[in-house]
Amino acid sequence: MFKKNGIEVKIKNESSEPITNVEFTTSEKLDVIKIDRIQPNESVTKYLLMWKNESLIFS
C-alpha cells in the first residue's frame with residue numbers, strides 16, 4: 001500500500017518452514033527493513049520510508 005512518504009510492505013509465510021533474513025530496501029538503500037525470522041502462517045507488516053529517495057518514480 002502506498003502512503004504519503006513511503007510504502008507499507010507485508011509478507012506472509014504460507015509455507016511450513018520459517019523464512020529467515022528478509023530485507024526490503026529502497027532503490028537507493030536509504031531505508032532498510034530487516035526481518036530476522038517469519039514463522040509458518042505468520043505475517044509481518046512494516047513501513048518503508050521513501051521520502052529521502054531522489055529517484056522516486058511511480059507508474
# chains A, B, ... in the order shown; residues from 1 in each chain; ligands from 1
call {"tool": "residues_around", "arguments": {"residues": "segment 31-48 of chain A", "least_positions_apart": "3", "cutoff": "7 Å", "atoms": "only C-alpha atoms", "output": "ChimeraX atom specification"}}
result
/A:6-26
